Amino acid sequence: MAHRGYRARYPENTLIAYEAAVEVGARFVELDVQLSRDEVPVLYHDRSLLRVSGQPGAIHQYTWEELSAFRAFEFERFGYRFAQNPICSLARFVEFLAAHPHVTAFVELKRVMVERFGADRAAAKVLAAIRPVAEQCVVISYDLDALLAVRERGWERIGAVVDRWRERRHARIRTLRPEYLFCDQQSLPCCGRLRFDHGQLAVFETSDPHRACELLRRGVALVETDDIGAMMRTVPALAESRP
């Protein structure tokens, strides 16, 4: 799964990063969503605009018109190479996804959005935006209130995100019965079969193909990676070479 797109080579959560990921063969992508001040869903991970866009403040402090004048270029990683690359709206991403019906998107509702706008409002705005590509989208979040709000609006495909393996046993996660559980791969047990009783297990993130193969052999369904190109080239070959 392409974590924030082809992040190793392009600014994260941008249309060019997802285009590049799909071009090298990605069938699963992950993206982060927040709301602008006027409640337009926008692809963005950080609480601050500084690292990716070199701007003060946060997504929710600007209107979409103001944000559309900003850029997503990650100066510390890429310098001015992508200095004209725009911040991407969720609506624009939906257009892209509709043109690639074989791709599944895992749409993460960021906690900062839920804190600012409330779980129900955040869910309503994001679900309205992705409704045209509903069959291609799984809504995920650390925030269980947000996932509950998504479910209460009739959206079945959800995934809970946790940092620690033991959190999979949280009572509210069992009640929600998400289709996916996303877990930090560094918190997993060092050996043995991995399984999630209520659905499929996804882990974040690694760009080590040997580690990815190990996780897949142990029962993980999806491995998030920043370097989707290298993983798509290497992992199938490693899998085929197993005795």
# chains A, B, ... in the order shown; residues from 1 in each chain; ligands from 1
>>> residues_around(residues="segment 186-192 of chain A", least_positions_apart="2", cutoff="12 Å", atoms="only C-alpha atoms", output="list in words")
Val162, Asp163, Arg164, Trp165, Arg166, Glu167, Arg168, Phe182, Cys183, Asp184, Leu194, Arg195, Leu201, Ala202, Val203, Phe204, Glu205, Thr206, Arg211, Glu214, Leu215, Leu216, Arg217, Arg218, Gly219 and Val220 of chain A
>>> residues_around(residues="Phe93 of chain A", least_positions_apart="4", cutoff="10 Å", atoms="only C-alpha atoms", output="ChimeraX atom specification")
/A:13-15,18-19,31,42-43,88-89,97-99,105,129-130
>>> closest_residue(among="A:Ala160, A:Leu144, A:Leu49, A:Val133", to="His100 of chain A", atoms="only C-alpha atoms")
A:Val133
>>> closest_residue(among="A:Val223, A:Leu238, A:Phe82, A:Glu39", to="Ala128 of chain A", atoms="only C-alpha atoms")
A:Glu39
>>> atom_distance(atom1="atom CA of Tyr62 of chain A", atom2="atom CA of Met113 of chain A")
13.1 Å
>>> residues_around(residues="Trp155 of chain A", least_positions_apart="3", cutoff="12 Å", atoms="only C-alpha atoms", output="list in words")
Ala123, Ala124, Val126, Leu127, Ala128, Ile130, Arg131, Ala134, Glu135, Cys137, Val138, Val139, Ile140, Ala146, Leu147, Leu148, Ala149, Val150, Arg151, Glu152, Ile158, Gly159, Leu176, Pro178 and Glu179 of chain A
>>> select_by_dssp(residues="segment 49-219 of chain A", states="strand (DSSP E)", output="VMD selection string")
chain A and resid 104 to 109 137 to 141 158 to 162 180 to 184 200 to 204
>>> atom_distance(atom1="atom CA of Pro86 of chain A", atom2="atom CA of Phe70 of chain A")
6.4 Å
>>> atom_distance(atom1="atom CA of Glu66 of chain A", atom2="atom CA of Val52 of chain A")
15.7 Å
>>> closest_residue(among="A:His60, A:Arg193, A:His102, A:Arg92", to="Ala26 of chain A", atoms="only C-alpha atoms")
A:His102
>>> select_by_dssp(residues="chain A", states="alpha helix (DSSP H)", output="VMD selection string")
chain A and resid 15 to 23 50 to 53 64 to 67 75 to 78 90 to 98 111 to 117 119 to 130 144 to 152 171 to 176 209 to 217 228 to 240
>>> closest_residue(among="A:Val161, A:Ala171, A:Val29, A:Leu181", to="Glu224 of chain A", atoms="only C-alpha atoms")
A:Val29
>>> closest_atom_pairs(of="segment 57-96 of chain A", to="segment 7-11 of chain A", cutoff="9 Å", atoms="only C-alpha atoms", output="tab-separated table")
residue	atom	partner	partner_atom	distance
A:Ala72	CA	A:Pro11	CA	6.5
A:Phe73	CA	A:Pro11	CA	5.5
A:Glu74	CA	A:Pro11	CA	6.0
A:Arg77	CA	A:Pro11	CA	8.5
A:Phe78	CA	A:Pro11	CA	8.0
A:Phe82	CA	A:Pro11	CA	7.6
A:Asn85	CA	A:Pro11	CA	8.5
>>> write_last_selection(atoms="N, CA and C atoms", output="short mmCIF file (atom, residue, chain, number, x, y, z; two decimals), in the first residue's frame")
data_model
loop_
_atom_site.label_atom_id
_atom_site.label_comp_id
_atom_site.auth_asym_id
_atom_site.auth_seq_id
_atom_site.Cartn_x
_atom_site.Cartn_y
_atom_site.Cartn_z
N ALA A 72 2.48 22.28 -1.83
CA ALA A 72 2.91 21.11 -1.04
C ALA A 72 4.19 20.59 -1.69
N PHE A 73 5.33 21.00 -1.14
CA PHE A 73 6.58 20.70 -1.85
C PHE A 73 7.68 20.13 -0.95
N GLU A 74 7.52 20.15 0.37
CA GLU A 74 8.49 19.53 1.29
C GLU A 74 9.93 19.98 1.02
N ARG A 77 13.14 17.97 2.03
CA ARG A 77 13.44 16.73 1.29
C ARG A 77 13.74 16.99 -0.18
N PHE A 78 13.05 17.95 -0.79
CA PHE A 78 13.13 18.11 -2.25
C PHE A 78 13.60 19.48 -2.71
N PHE A 82 9.62 20.75 -6.38
CA PHE A 82 8.16 20.70 -6.52
C PHE A 82 7.51 21.99 -6.00
N ASN A 85 3.91 22.72 -6.88
CA ASN A 85 2.94 21.63 -6.72
C ASN A 85 1.85 22.03 -5.71
#
